[in-house]
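What follows is the content of structure17.cif (mmCIF, C-alpha atoms).
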data_my_file
loop_
_atom_site.group_PDB
_atom_site.id
_atom_site.type_symbol
_atom_site.label_atom_id
_atom_site.label_comp_id
_atom_site.auth_asym_id
_atom_site.auth_seq_id
_atom_site.Cartn_x
_atom_site.Cartn_y
_atom_site.Cartn_z
ATOM 1 C CA MET A 109 -5.300 -17.653 0.795
ATOM 2 C CA ASP A 110 -8.849 -17.655 2.144
ATOM 3 C CA ASN A 111 -9.943 -16.484 5.608
ATOM 4 C CA GLN A 112 -7.708 -13.432 5.464
ATOM 5 C CA THR A 113 -8.286 -10.036 7.028
ATOM 6 C CA LEU A 114 -8.031 -7.299 4.396
ATOM 7 C CA LEU A 115 -7.626 -3.599 5.066
ATOM 8 C CA LEU A 116 -8.961 -1.208 2.418
ATOM 9 C CA LEU A 117 -7.790 2.405 2.656
ATOM 10 C CA THR A 118 -10.496 4.751 1.406
ATOM 11 C CA SER A 119 -11.423 8.412 1.422
ATOM 12 C CA GLU A 120 -14.724 10.229 1.443
ATOM 13 C CA GLU A 121 -14.535 10.353 -2.364
ATOM 14 C CA THR A 122 -14.190 6.588 -2.835
ATOM 15 C CA ALA A 123 -17.012 5.437 -5.111
ATOM 16 C CA ASP A 124 -19.559 2.835 -4.035
ATOM 17 C CA GLU A 125 -18.655 0.696 -7.051
ATOM 18 C CA GLU A 126 -15.024 0.438 -5.963
ATOM 19 C CA VAL A 127 -15.922 -0.576 -2.414
ATOM 20 C CA ARG A 128 -18.459 -3.051 -3.770
ATOM 21 C CA ALA A 129 -15.768 -4.721 -5.913
ATOM 22 C CA PHE A 130 -13.590 -5.266 -2.845
ATOM 23 C CA ALA A 131 -16.592 -6.478 -0.851
ATOM 24 C CA GLU A 132 -17.467 -9.028 -3.541
ATOM 25 C CA MET A 133 -13.880 -10.264 -3.667
ATOM 26 C CA ALA A 134 -13.702 -10.580 0.116
ATOM 27 C CA ALA A 135 -16.997 -12.462 0.309
ATOM 28 C CA ALA A 136 -15.863 -14.879 -2.419
ATOM 29 C CA ARG A 137 -12.644 -15.620 -0.514
ATOM 30 C CA ASN A 138 -14.308 -15.814 2.899
ATOM 31 C CA ALA A 139 -12.163 -12.851 3.921
ATOM 32 C CA ARG A 140 -12.905 -10.141 6.425
ATOM 33 C CA LEU A 141 -12.818 -6.617 4.973
ATOM 34 C CA ILE A 142 -12.035 -3.551 7.066
ATOM 35 C CA CYS A 143 -12.731 -0.266 5.283
ATOM 36 C CA LEU A 144 -10.646 2.496 6.829
ATOM 37 C CA MET A 145 -11.866 5.931 5.755
ATOM 38 C CA LEU A 146 -9.205 8.609 6.186
ATOM 39 C CA CYS A 147 -9.726 12.354 6.285
ATOM 40 C CA PHE A 148 -8.295 15.506 7.802
ATOM 41 C CA PRO A 149 -10.354 17.690 10.169
ATOM 42 C CA PRO A 150 -11.046 21.327 9.301
ATOM 43 C CA ALA A 151 -7.939 23.469 9.614
ATOM 44 C CA TYR A 152 -7.376 24.610 13.178
ATOM 45 C CA PRO A 153 -8.111 28.344 13.269
ATOM 46 C CA VAL A 154 -5.151 30.645 13.711
ATOM 47 C CA SER A 155 -7.412 32.837 15.824
ATOM 48 C CA ALA A 156 -7.489 30.233 18.606
ATOM 49 C CA PHE A 157 -5.785 31.366 21.779
ATOM 50 C CA GLY A 158 -4.600 29.718 24.968
ATOM 51 C CA ALA A 159 -2.289 26.736 25.174
ATOM 52 C CA LEU A 160 -2.029 23.609 27.263
ATOM 53 C CA PRO A 161 -1.018 23.019 30.026
ATOM 54 C CA TYR A 162 -1.358 26.611 31.154
ATOM 55 C CA SER A 163 -4.820 27.275 29.790
ATOM 56 C CA THR A 164 -7.556 25.714 27.689
ATOM 57 C CA PRO A 165 -7.437 26.625 23.984
ATOM 58 C CA GLU A 166 -10.513 28.503 22.814
ATOM 59 C CA VAL A 167 -11.807 28.438 19.262
ATOM 60 C CA SER A 168 -14.692 30.052 17.472
ATOM 61 C CA ALA A 169 -18.157 28.552 17.422
ATOM 62 C CA GLU A 170 -17.954 28.538 13.623
ATOM 63 C CA TRP A 171 -14.966 26.171 13.653
ATOM 64 C CA ILE A 172 -16.660 23.843 16.128
ATOM 65 C CA GLU A 173 -19.744 23.773 13.934
ATOM 66 C CA GLU A 174 -17.604 23.018 10.874
ATOM 67 C CA LEU A 175 -15.880 20.173 12.751
ATOM 68 C CA ASN A 176 -19.198 18.671 13.861
ATOM 69 C CA THR A 177 -20.577 18.947 10.334
ATOM 70 C CA SER A 178 -17.590 17.110 8.888
ATOM 71 C CA ARG A 179 -17.944 14.363 11.499
ATOM 72 C CA GLU A 180 -21.621 13.930 10.701
ATOM 73 C CA ARG A 181 -20.824 13.747 6.985
ATOM 74 C CA MET A 182 -18.181 11.089 7.571
ATOM 75 C CA LYS A 183 -20.572 9.079 9.725
ATOM 76 C CA GLU A 184 -23.200 9.148 6.980
ATOM 77 C CA ARG A 185 -20.619 7.963 4.478
ATOM 78 C CA ALA A 186 -19.472 5.204 6.825
ATOM 79 C CA ASP A 187 -23.072 4.042 7.254
ATOM 80 C CA ALA A 188 -23.418 3.869 3.463
ATOM 81 C CA LEU A 189 -20.303 1.689 3.196
ATOM 82 C CA GLU A 190 -21.580 -0.546 5.994
ATOM 83 C CA ALA A 191 -24.721 -1.052 3.955
ATOM 84 C CA ILE A 192 -22.631 -2.151 0.950
ATOM 85 C CA LEU A 193 -20.813 -4.753 3.056
ATOM 86 C CA GLN A 194 -24.110 -6.087 4.386
ATOM 87 C CA ALA A 195 -25.656 -6.232 0.926
ATOM 88 C CA GLU A 196 -22.707 -8.297 -0.373
ATOM 89 C CA GLY A 197 -22.716 -10.582 2.648
ATOM 90 C CA THR A 198 -19.182 -9.495 3.515
ATOM 91 C CA SER A 199 -17.790 -9.875 7.002
ATOM 92 C CA GLY A 200 -16.139 -6.672 8.160
ATOM 93 C CA ASP A 201 -16.694 -3.143 9.325
ATOM 94 C CA VAL A 202 -16.063 0.499 8.470
ATOM 95 C CA GLN A 203 -13.793 2.678 10.586
ATOM 96 C CA VAL A 204 -13.278 6.422 10.300
ATOM 97 C CA VAL A 205 -10.033 8.194 11.147
ATOM 98 C CA GLN A 206 -10.181 11.983 11.149
ATOM 99 C CA CYS A 207 -6.835 13.271 12.293
ATOM 100 C CA ASN A 208 -3.947 15.565 11.433
ATOM 101 C CA PRO A 209 -1.487 14.471 8.703
ATOM 102 C CA ILE A 210 1.226 13.597 11.206
ATOM 103 C CA ASP A 211 -1.089 11.074 12.908
ATOM 104 C CA VAL A 212 -2.267 9.244 9.759
ATOM 105 C CA ARG A 213 0.810 7.010 9.622
ATOM 106 C CA ALA A 214 0.339 5.690 13.135
ATOM 107 C CA ALA A 215 -3.415 5.245 12.714
ATOM 108 C CA VAL A 216 -3.008 3.201 9.527
ATOM 109 C CA ALA A 217 -0.049 1.207 10.834
ATOM 110 C CA ARG A 218 -1.880 0.205 14.012
ATOM 111 C CA ARG A 219 -4.694 -1.358 11.996
ATOM 112 C CA ALA A 220 -2.358 -2.913 9.424
ATOM 113 C CA LEU A 221 -0.537 -4.807 12.172
ATOM 114 C CA VAL A 222 -3.426 -7.270 12.437
ATOM 115 C CA CYS A 223 -4.255 -7.628 8.729
ATOM 116 C CA ASP A 224 -2.933 -9.912 5.991
ATOM 117 C CA LEU A 225 -3.015 -7.472 3.060
ATOM 118 C CA VAL A 226 -3.613 -3.747 2.656
ATOM 119 C CA PHE A 227 -5.308 -2.380 -0.470
ATOM 120 C CA VAL A 228 -5.541 1.253 -1.531
ATOM 121 C CA ALA A 229 -8.632 2.619 -3.244
ATOM 122 C CA ASP A 230 -7.886 4.450 -6.488
ATOM 123 C CA SER A 231 -9.553 7.584 -5.141
ATOM 124 C CA MET A 232 -6.796 7.934 -2.532
ATOM 125 C CA ARG A 233 -4.283 8.906 -5.206
ATOM 126 C CA SER A 234 -6.579 11.374 -6.932
ATOM 127 C CA GLY A 235 -7.488 13.043 -3.629
ATOM 128 C CA ASP A 236 -5.297 14.572 -0.944
ATOM 129 C CA ALA A 237 -1.664 13.665 -1.683
ATOM 130 C CA ASP A 238 -0.656 14.113 1.961
ATOM 131 C CA ILE A 239 -3.177 11.511 3.130
ATOM 132 C CA PHE A 240 -2.113 9.091 0.400
ATOM 133 C CA HIS A 241 1.600 9.352 1.139
ATOM 134 C CA SER A 242 1.137 9.224 4.905
ATOM 135 C CA ALA A 243 -1.113 6.161 4.642
ATOM 136 C CA CYS A 244 1.324 4.289 2.380
ATOM 137 C CA TYR A 245 4.222 5.269 4.619
ATOM 138 C CA GLY A 246 2.374 3.879 7.638
ATOM 139 C CA VAL A 247 1.790 0.517 5.961
ATOM 140 C CA LEU A 248 5.227 0.137 4.400
ATOM 141 C CA PHE A 249 7.508 1.435 7.135
ATOM 142 C CA ASN A 250 5.520 0.937 10.341
ATOM 143 C CA SER A 251 3.875 -2.441 9.767
ATOM 144 C CA PRO A 252 4.892 -5.867 8.421
ATOM 145 C CA THR A 253 1.866 -6.089 6.137
ATOM 146 C CA PRO A 254 2.206 -5.988 2.329
ATOM 147 C CA LEU A 255 0.587 -3.178 0.359
ATOM 148 C CA VAL A 256 -1.266 -3.921 -2.896
ATOM 149 C CA ILE A 257 -2.149 -1.197 -5.393
ATOM 150 C CA ASN A 258 -3.996 -1.160 -8.719
ATOM 151 C CA SER A 259 -5.893 -4.324 -7.884
ATOM 152 C CA SER A 260 -9.302 -5.002 -6.360
ATOM 153 C CA ARG A 261 -8.644 -8.684 -5.731
ATOM 154 C CA ILE A 262 -6.285 -10.928 -3.843
ATOM 155 C CA PRO A 263 -3.443 -11.495 -6.309
ATOM 156 C CA THR A 264 -3.733 -14.846 -8.112
ATOM 157 C CA PRO A 265 -1.607 -14.017 -11.144
ATOM 158 C CA GLY A 266 -0.390 -16.109 -14.008
ATOM 159 C CA ARG A 267 2.883 -14.217 -14.390
ATOM 160 C CA VAL A 268 4.758 -12.366 -11.651
ATOM 161 C CA PHE A 269 7.561 -9.859 -12.178
ATOM 162 C CA VAL A 270 9.958 -9.754 -9.212
ATOM 163 C CA ALA A 271 12.075 -6.582 -9.111
ATOM 164 C CA TRP A 272 15.101 -8.071 -7.388
ATOM 165 C CA ASP A 273 18.254 -6.809 -5.763
ATOM 166 C CA THR A 274 20.160 -8.036 -2.732
ATOM 167 C CA GLU A 275 18.733 -5.410 -0.377
ATOM 168 C CA LEU A 276 16.609 -6.428 2.594
ATOM 169 C CA PRO A 277 13.323 -4.805 1.394
ATOM 170 C CA ALA A 278 13.352 -6.841 -1.836
ATOM 171 C CA SER A 279 14.022 -10.039 0.087
ATOM 172 C CA ARG A 280 11.219 -9.307 2.535
ATOM 173 C CA ALA A 281 8.831 -8.648 -0.353
ATOM 174 C CA VAL A 282 9.653 -12.005 -1.961
ATOM 175 C CA HIS A 283 9.230 -13.825 1.345
ATOM 176 C CA ALA A 284 5.868 -12.134 1.953
ATOM 177 C CA ALA A 285 4.716 -12.927 -1.602
ATOM 178 C CA LEU A 286 5.840 -16.560 -1.526
ATOM 179 C CA PRO A 287 2.278 -18.007 -1.471
ATOM 180 C CA ILE A 288 1.493 -15.926 -4.550
ATOM 181 C CA LEU A 289 4.723 -16.902 -6.297
ATOM 182 C CA THR A 290 4.258 -20.619 -5.728
ATOM 183 C CA ALA A 291 0.723 -20.405 -7.148
ATOM 184 C CA ALA A 292 1.794 -18.437 -10.237
ATOM 185 C CA GLU A 293 2.350 -20.046 -13.619
ATOM 186 C CA ASP A 294 5.613 -18.177 -14.242
ATOM 187 C CA VAL A 295 7.916 -16.061 -12.094
ATOM 188 C CA PHE A 296 10.388 -13.648 -13.667
ATOM 189 C CA VAL A 297 13.238 -12.532 -11.410
ATOM 190 C CA CYS A 298 14.482 -9.285 -12.904
ATOM 191 C CA THR A 299 17.487 -7.159 -11.974
ATOM 192 C CA PHE A 300 18.461 -3.692 -13.173
ATOM 193 C CA ASP A 301 22.065 -2.520 -13.446
ATOM 194 C CA ALA A 302 23.121 -5.215 -10.994
ATOM 195 C CA GLU A 303 26.836 -5.290 -10.209
ATOM 196 C CA ALA A 304 27.999 -8.865 -10.778
ATOM 197 C CA LYS A 305 30.340 -9.224 -7.819
ATOM 198 C CA GLU A 306 30.218 -11.699 -4.969
ATOM 199 C CA ALA A 307 30.147 -8.861 -2.426
ATOM 200 C CA ASN A 308 27.257 -7.114 -4.179
ATOM 201 C CA ASN A 309 24.650 -8.981 -6.248
ATOM 202 C CA GLY A 310 26.532 -12.231 -6.767
ATOM 203 C CA GLU A 311 28.475 -13.348 -9.808
ATOM 204 C CA ASP A 312 25.220 -14.082 -11.656
ATOM 205 C CA PRO A 313 22.654 -11.609 -10.246
ATOM 206 C CA GLY A 314 19.229 -13.076 -9.553
ATOM 207 C CA THR A 315 20.182 -16.744 -9.802
ATOM 208 C CA ASP A 316 20.461 -17.191 -6.042
ATOM 209 C CA VAL A 317 16.854 -16.202 -5.352
ATOM 210 C CA ALA A 318 15.764 -18.091 -8.495
ATOM 211 C CA LYS A 319 17.217 -21.326 -7.104
ATOM 212 C CA TRP A 320 15.445 -20.757 -3.800
ATOM 213 C CA LEU A 321 12.111 -20.132 -5.531
ATOM 214 C CA SER A 322 12.597 -23.122 -7.825
ATOM 215 C CA HIS A 323 13.052 -25.330 -4.779
ATOM 216 C CA HIS A 324 9.617 -24.109 -3.656
ATOM 217 C CA GLY A 325 8.180 -25.295 -6.967
ATOM 218 C CA CYS A 326 8.133 -21.997 -8.873
ATOM 219 C CA GLN A 327 8.780 -21.865 -12.610
ATOM 220 C CA VAL A 328 11.474 -19.176 -12.642
ATOM 221 C CA THR A 329 13.193 -17.190 -15.382
ATOM 222 C CA VAL A 330 16.011 -14.740 -14.612
ATOM 223 C CA ASN A 331 16.262 -11.540 -16.654
ATOM 224 C CA GLN A 332 19.144 -9.092 -16.225
ATOM 225 C CA TYR A 333 18.452 -5.623 -17.584
ATOM 226 C CA ALA A 334 20.488 -2.483 -18.109
ATOM 227 C CA SER A 335 18.446 0.645 -17.467
ATOM 228 C CA GLY A 336 20.525 2.729 -19.868
ATOM 229 C CA GLY A 337 20.151 5.641 -17.494
ATOM 230 C CA ALA A 338 16.351 5.507 -17.619
ATOM 231 C CA ASP A 339 14.222 5.886 -14.511
ATOM 232 C CA ILE A 340 14.067 2.547 -12.689
ATOM 233 C CA ALA A 341 10.331 2.769 -12.027
ATOM 234 C CA ALA A 342 9.668 3.389 -15.719
ATOM 235 C CA SER A 343 11.993 0.498 -16.596
ATOM 236 C CA ILE A 344 10.118 -1.833 -14.251
ATOM 237 C CA GLU A 345 6.781 -0.858 -15.794
ATOM 238 C CA ARG A 346 8.057 -1.284 -19.364
ATOM 239 C CA ARG A 347 9.717 -4.643 -18.772
ATOM 240 C CA ALA A 348 6.730 -5.947 -16.795
ATOM 241 C CA GLN A 349 4.455 -5.063 -19.696
ATOM 242 C CA GLU A 350 6.820 -6.709 -22.181
ATOM 243 C CA ILE A 351 6.585 -10.080 -20.458
ATOM 244 C CA GLY A 352 2.856 -9.697 -19.832
ATOM 245 C CA SER A 353 3.092 -9.840 -16.050
ATOM 246 C CA ASP A 354 -0.037 -9.601 -13.919
ATOM 247 C CA LEU A 355 1.765 -8.411 -10.807
ATOM 248 C CA VAL A 356 5.021 -6.738 -9.779
ATOM 249 C CA VAL A 357 6.582 -7.781 -6.466
ATOM 250 C CA MET A 358 9.107 -5.297 -5.101
ATOM 251 C CA GLY A 359 10.598 -3.858 -1.943
ATOM 252 C CA ALA A 360 9.879 -0.331 -0.779
ATOM 253 C CA PHE A 361 12.713 2.059 -0.047
ATOM 254 C CA GLY A 362 12.988 5.460 1.588
ATOM 255 C CA ARG A 363 15.454 8.187 0.725
ATOM 256 C CA SER A 364 17.258 7.836 4.033
ATOM 257 C CA ARG A 365 18.726 4.449 4.908
ATOM 258 C CA LEU A 366 19.367 5.550 8.514
ATOM 259 C CA ARG A 367 15.818 6.686 9.105
ATOM 260 C CA GLN A 368 12.945 6.334 6.639
ATOM 261 C CA LEU A 369 11.782 9.937 6.345
ATOM 262 C CA VAL A 370 10.148 9.989 2.926
ATOM 263 C CA LEU A 371 9.369 7.511 0.191
ATOM 264 C CA GLY A 372 12.183 6.896 -2.243
ATOM 265 C CA GLY A 373 11.871 7.994 -5.867
ATOM 266 C CA THR A 374 11.246 4.535 -7.356
ATOM 267 C CA THR A 375 8.828 3.611 -4.569
ATOM 268 C CA ARG A 376 6.890 6.850 -4.972
ATOM 269 C CA SER A 377 6.698 6.487 -8.755
ATOM 270 C CA MET A 378 5.427 2.918 -8.550
ATOM 271 C CA LEU A 379 2.772 3.970 -6.041
ATOM 272 C CA HIS A 380 1.544 6.743 -8.326
ATOM 273 C CA GLN A 381 1.423 4.760 -11.578
ATOM 274 C CA THR A 382 -1.977 3.290 -12.401
ATOM 275 C CA GLU A 383 -1.285 0.621 -15.042
ATOM 276 C CA THR A 384 0.548 -2.096 -13.128
ATOM 277 C CA ALA A 385 -0.621 -4.061 -10.090
ATOM 278 C CA VAL A 386 2.071 -3.950 -7.407
ATOM 279 C CA PHE A 387 2.691 -6.022 -4.280
ATOM 280 C CA MET A 388 5.058 -4.026 -2.097
ATOM 281 C CA THR A 389 6.549 -4.291 1.370
ATOM 282 C CA HIS A 390 9.526 -2.901 3.247
#

As structure tokens:
Amino acid sequence: MDNQTLLLLTSEETADEEVRAFAEMAAARNARLICLMLCFPPAYPVSAFGALPYSTPEVSAEWIEELNTSRERMKERADALEAILQAEGTSGDVQVVQCNPIDVRAAVARRALVCDLVFVADSMRSGDADIFHSACYGVLFNSPTPLVINSSRIPTPGRVFVAWDTELPASRAVHAALPILTAAEDVFVCTFDAEAKEANNGEDPGTDVAKWLSHHGCQVTVNQYASGGADIAASIERRAQEIGSDLVVMGAFGRSRLRQLVLGGTTRSMLHQTETAVFMTH
């Protein structure tokens, strides 16, 4: 898994040490690292008047000065990150996206289209929640590229926990993670509250994908769990910790199956937890 192009989503608050860890990992794997720094511009003043196409909007000089100041600050931060990449001998560059929340998804997705993996800096979750959710949405639902959280390295785990069902997102996640799964020491295919019917999850849920993975050379164990009414995300975390997994592979869902409007509850919870490394794709 060398020679990959990695996309790291950062914010202005992302610490040098965190970026340096990704830069070191990328250099060791001969990977190219793109640091994408996301931020919102200063709030557009309600005092602005005029509207396109009939007239040119006019804003106060104070707002323009605030916008220019924020751009200069972001440029200084980008230059500092460029220096970290150079110091570590890492191939890559730093890009800055300063746009409204509605445009973050498209901006992130466009860059993720030509990357192999997308990582999220820890500071993204502790900062602006709107930027974090929009960025994850862009990767998961508008690009084919897997998203990795709670890890500063390309996953090379000993044990992998696969949260499996017969839905398309879970299958896509397993297909995308296949190089990781075949390199792992053990793979645990785990189902929760699976309905054992041929038309649903099969008569023995999880065994179908286990056979497929075994044919690829994976050492696979199938575990069938009952959630007991507990939150599925919490159940995944608890069971993954019980078997000592290094990585969870799972599909990402939205609340609407007709049109992905917002992240689903389990997906959102797994993105916000900080204890378990997750490989996720839709």

Residue neighbourhood stretch 192-199 of chain A, 12 Å, only C-alpha atoms, exclusion window fewer than 3 positions, as a VMD selection string: chain A and resid 111 to 114 123 to 143 185 to 189 202

Counting only C-alpha atoms, the option among A:Ala271, A:Val386, A:Val226, A:Leu289 closest to A:Ser343: A:Ala271

Contact residues around A:Ala281 with only C-alpha atoms at 12 Å, ignoring same-chain residues under 5 positions, as a list of chain:residue names: A:Leu248, A:Pro252, A:Thr253, A:Pro254, A:Leu255, A:Val256, A:Phe269, A:Val270, A:Ala271, A:Trp272, A:Asp273, A:Thr274, A:Glu275, A:Leu276, A:Leu286, A:Pro287, A:Ile288, A:Leu289, A:Val356, A:Val357, A:Met358, A:Gly359, A:Ala360, A:Phe361, A:Val386, A:Phe387, A:Met388, A:Thr389, A:His390

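In this model, the gap between atom CA of A:Thr118 and atom CA of A:Ala169 comes to 29.7 Å.
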
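Atom CA of A:Cys298 is found 11.4 Å from atom CA of A:Ala278.
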
From A:Asn250, A:Asp316, A:Leu355, A:Asp236, residue lying nearest A:Ala285 [all atoms listed in the file]: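 Selected residue with least distance to A:Ala285: A:Leu355.
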
Residue IDs satisfying the PyMOL selection byres ((chain A and resi 266) around 7), as a PyMOL selection string: chain A and resi 264-265+267-268+292-294+354

Selection under test: the PyMOL selection byres ((chain A and resi 238-243) around 7); residues as JSON, numbers by chain: {"A": [209, 212, 213, 216, 232, 233, 236, 237, 244, 245, 246, 247]}

Between atom CA of A:Arg346 and atom CA of A:Glu383 - distance in Å to one decimal: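 Here the two named atoms are 10.5 Å from each other.
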
Residues in the PyMOL selection byres ((chain A and resi 374) around 8), expressed as a list in words: Asp339, Ile340, Ala341, Phe361, Gly372, Gly373, Thr375, Arg376, Ser377 and Met378 of chain A

Hey, can you spit out that residue selection with C-alpha atoms as an mmCIF file, in the frame of the given file?
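Just written: again-v7.cif:
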data_model
loop_
_atom_site.group_PDB
_atom_site.id
_atom_site.type_symbol
_atom_site.label_atom_id
_atom_site.label_comp_id
_atom_site.auth_asym_id
_atom_site.auth_seq_id
_atom_site.Cartn_x
_atom_site.Cartn_y
_atom_site.Cartn_z
ATOM 1 C CA ASP A 339 14.222 5.886 -14.511
ATOM 2 C CA ILE A 340 14.067 2.547 -12.689
ATOM 3 C CA ALA A 341 10.331 2.769 -12.027
ATOM 4 C CA PHE A 361 12.713 2.059 -0.047
ATOM 5 C CA GLY A 372 12.183 6.896 -2.243
ATOM 6 C CA GLY A 373 11.871 7.994 -5.867
ATOM 7 C CA THR A 375 8.828 3.611 -4.569
ATOM 8 C CA ARG A 376 6.890 6.850 -4.972
ATOM 9 C CA SER A 377 6.698 6.487 -8.755
ATOM 10 C CA MET A 378 5.427 2.918 -8.550
#

Which residues come within 9 Å of A:Ala302, counting only C-alpha atoms, excluding same-chain residues fewer than 6 positions away, as a PDB file with C-alpha atoms, keeping the file's coordinate frame?
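Contents of result31.pdb, freshly written:
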ATOM      1  CA  ASP A 273      18.254  -6.809  -5.763  1.00  0.00           C
ATOM      2  CA  ASN A 308      27.257  -7.114  -4.179  1.00  0.00           C
ATOM      3  CA  ASN A 309      24.650  -8.981  -6.248  1.00  0.00           C
ATOM      4  CA  GLY A 310      26.532 -12.231  -6.767  1.00  0.00           C
ATOM      5  CA  PRO A 313      22.654 -11.609 -10.246  1.00  0.00           C
ATOM      6  CA  GLY A 314      19.229 -13.076  -9.553  1.00  0.00           C
ATOM      7  CA  GLN A 332      19.144  -9.092 -16.225  1.00  0.00           C
ATOM      8  CA  TYR A 333      18.452  -5.623 -17.584  1.00  0.00           C
ATOM      9  CA  ALA A 334      20.488  -2.483 -18.109  1.00  0.00           C
TER      10      ALA A 334
END

Nearest residue to A:Leu116 from the set A:Ala284, A:Ile172, A:Ala220, A:Ala304 (distances using only C-alpha atoms):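 Using only C-alpha atoms, A:Leu116 sits closest to A:Ala220.
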
May I ask you to restore N, CA, C and O atoms in stretch 349-363 of chain A and write the result as a PDB file, in the coordinates of the input?
ATOM      1  N   GLN A 349       5.432  -5.013 -18.618  1.00  0.00           N
ATOM      2  CA  GLN A 349       4.455  -5.063 -19.696  1.00  0.00           C
ATOM      3  C   GLN A 349       4.950  -5.936 -20.839  1.00  0.00           C
ATOM      4  O   GLN A 349       4.167  -6.649 -21.483  1.00  0.00           O
ATOM      5  N   GLU A 350       6.257  -5.904 -21.092  1.00  0.00           N
ATOM      6  CA  GLU A 350       6.820  -6.709 -22.181  1.00  0.00           C
ATOM      7  C   GLU A 350       6.610  -8.202 -21.958  1.00  0.00           C
ATOM      8  O   GLU A 350       6.320  -8.945 -22.911  1.00  0.00           O
ATOM      9  N   ILE A 351       6.746  -8.651 -20.721  1.00  0.00           N
ATOM     10  CA  ILE A 351       6.585 -10.080 -20.458  1.00  0.00           C
ATOM     11  C   ILE A 351       5.146 -10.440 -20.116  1.00  0.00           C
ATOM     12  O   ILE A 351       4.832 -11.604 -19.883  1.00  0.00           O
ATOM     13  N   GLY A 352       4.263  -9.435 -20.097  1.00  0.00           N
ATOM     14  CA  GLY A 352       2.856  -9.697 -19.832  1.00  0.00           C
ATOM     15  C   GLY A 352       2.570 -10.090 -18.398  1.00  0.00           C
ATOM     16  O   GLY A 352       1.708 -10.942 -18.139  1.00  0.00           O
ATOM     17  N   SER A 353       3.275  -9.478 -17.457  1.00  0.00           N
ATOM     18  CA  SER A 353       3.092  -9.840 -16.050  1.00  0.00           C
ATOM     19  C   SER A 353       1.769  -9.293 -15.532  1.00  0.00           C
ATOM     20  O   SER A 353       1.278  -8.253 -15.961  1.00  0.00           O
ATOM     21  N   ASP A 354       1.200 -10.013 -14.574  1.00  0.00           N
ATOM     22  CA  ASP A 354      -0.037  -9.601 -13.919  1.00  0.00           C
ATOM     23  C   ASP A 354       0.225  -8.864 -12.615  1.00  0.00           C
ATOM     24  O   ASP A 354      -0.662  -8.205 -12.077  1.00  0.00           O
ATOM     25  N   LEU A 355       1.446  -8.991 -12.103  1.00  0.00           N
ATOM     26  CA  LEU A 355       1.765  -8.411 -10.807  1.00  0.00           C
ATOM     27  C   LEU A 355       3.262  -8.168 -10.707  1.00  0.00           C
ATOM     28  O   LEU A 355       4.060  -8.986 -11.169  1.00  0.00           O
ATOM     29  N   VAL A 356       3.626  -7.047 -10.096  1.00  0.00           N
ATOM     30  CA  VAL A 356       5.021  -6.738  -9.779  1.00  0.00           C
ATOM     31  C   VAL A 356       5.210  -6.885  -8.279  1.00  0.00           C
ATOM     32  O   VAL A 356       4.445  -6.329  -7.495  1.00  0.00           O
ATOM     33  N   VAL A 357       6.216  -7.640  -7.877  1.00  0.00           N
ATOM     34  CA  VAL A 357       6.582  -7.781  -6.466  1.00  0.00           C
ATOM     35  C   VAL A 357       7.889  -7.022  -6.259  1.00  0.00           C
ATOM     36  O   VAL A 357       8.871  -7.268  -6.974  1.00  0.00           O
ATOM     37  N   MET A 358       7.907  -6.111  -5.302  1.00  0.00           N
ATOM     38  CA  MET A 358       9.107  -5.297  -5.101  1.00  0.00           C
ATOM     39  C   MET A 358       9.187  -4.806  -3.661  1.00  0.00           C
ATOM     40  O   MET A 358       8.190  -4.772  -2.936  1.00  0.00           O
ATOM     41  N   GLY A 359      10.386  -4.442  -3.255  1.00  0.00           N
ATOM     42  CA  GLY A 359      10.598  -3.858  -1.943  1.00  0.00           C
ATOM     43  C   GLY A 359      10.435  -2.360  -2.004  1.00  0.00           C
ATOM     44  O   GLY A 359      10.641  -1.726  -3.048  1.00  0.00           O
ATOM     45  N   ALA A 360      10.052  -1.779  -0.874  1.00  0.00           N
ATOM     46  CA  ALA A 360       9.879  -0.331  -0.779  1.00  0.00           C
ATOM     47  C   ALA A 360      11.079   0.277  -0.072  1.00  0.00           C
ATOM     48  O   ALA A 360      11.550  -0.244   0.939  1.00  0.00           O
ATOM     49  N   PHE A 361      11.562   1.370  -0.614  1.00  0.00           N
ATOM     50  CA  PHE A 361      12.713   2.059  -0.047  1.00  0.00           C
ATOM     51  C   PHE A 361      12.347   3.488   0.319  1.00  0.00           C
ATOM     52  O   PHE A 361      11.429   4.088  -0.246  1.00  0.00           O
ATOM     53  N   GLY A 362      13.081   4.041   1.270  1.00  0.00           N
ATOM     54  CA  GLY A 362      12.988   5.460   1.588  1.00  0.00           C
ATOM     55  C   GLY A 362      14.259   6.153   1.142  1.00  0.00           C
ATOM     56  O   GLY A 362      15.245   5.505   0.784  1.00  0.00           O
ATOM     57  N   ARG A 363      14.268   7.450   1.162  1.00  0.00           N
ATOM     58  CA  ARG A 363      15.454   8.187   0.725  1.00  0.00           C
ATOM     59  C   ARG A 363      16.592   8.074   1.744  1.00  0.00           C
ATOM     60  O   ARG A 363      17.749   8.160   1.389  1.00  0.00           O
TER      61      ARG A 363
END
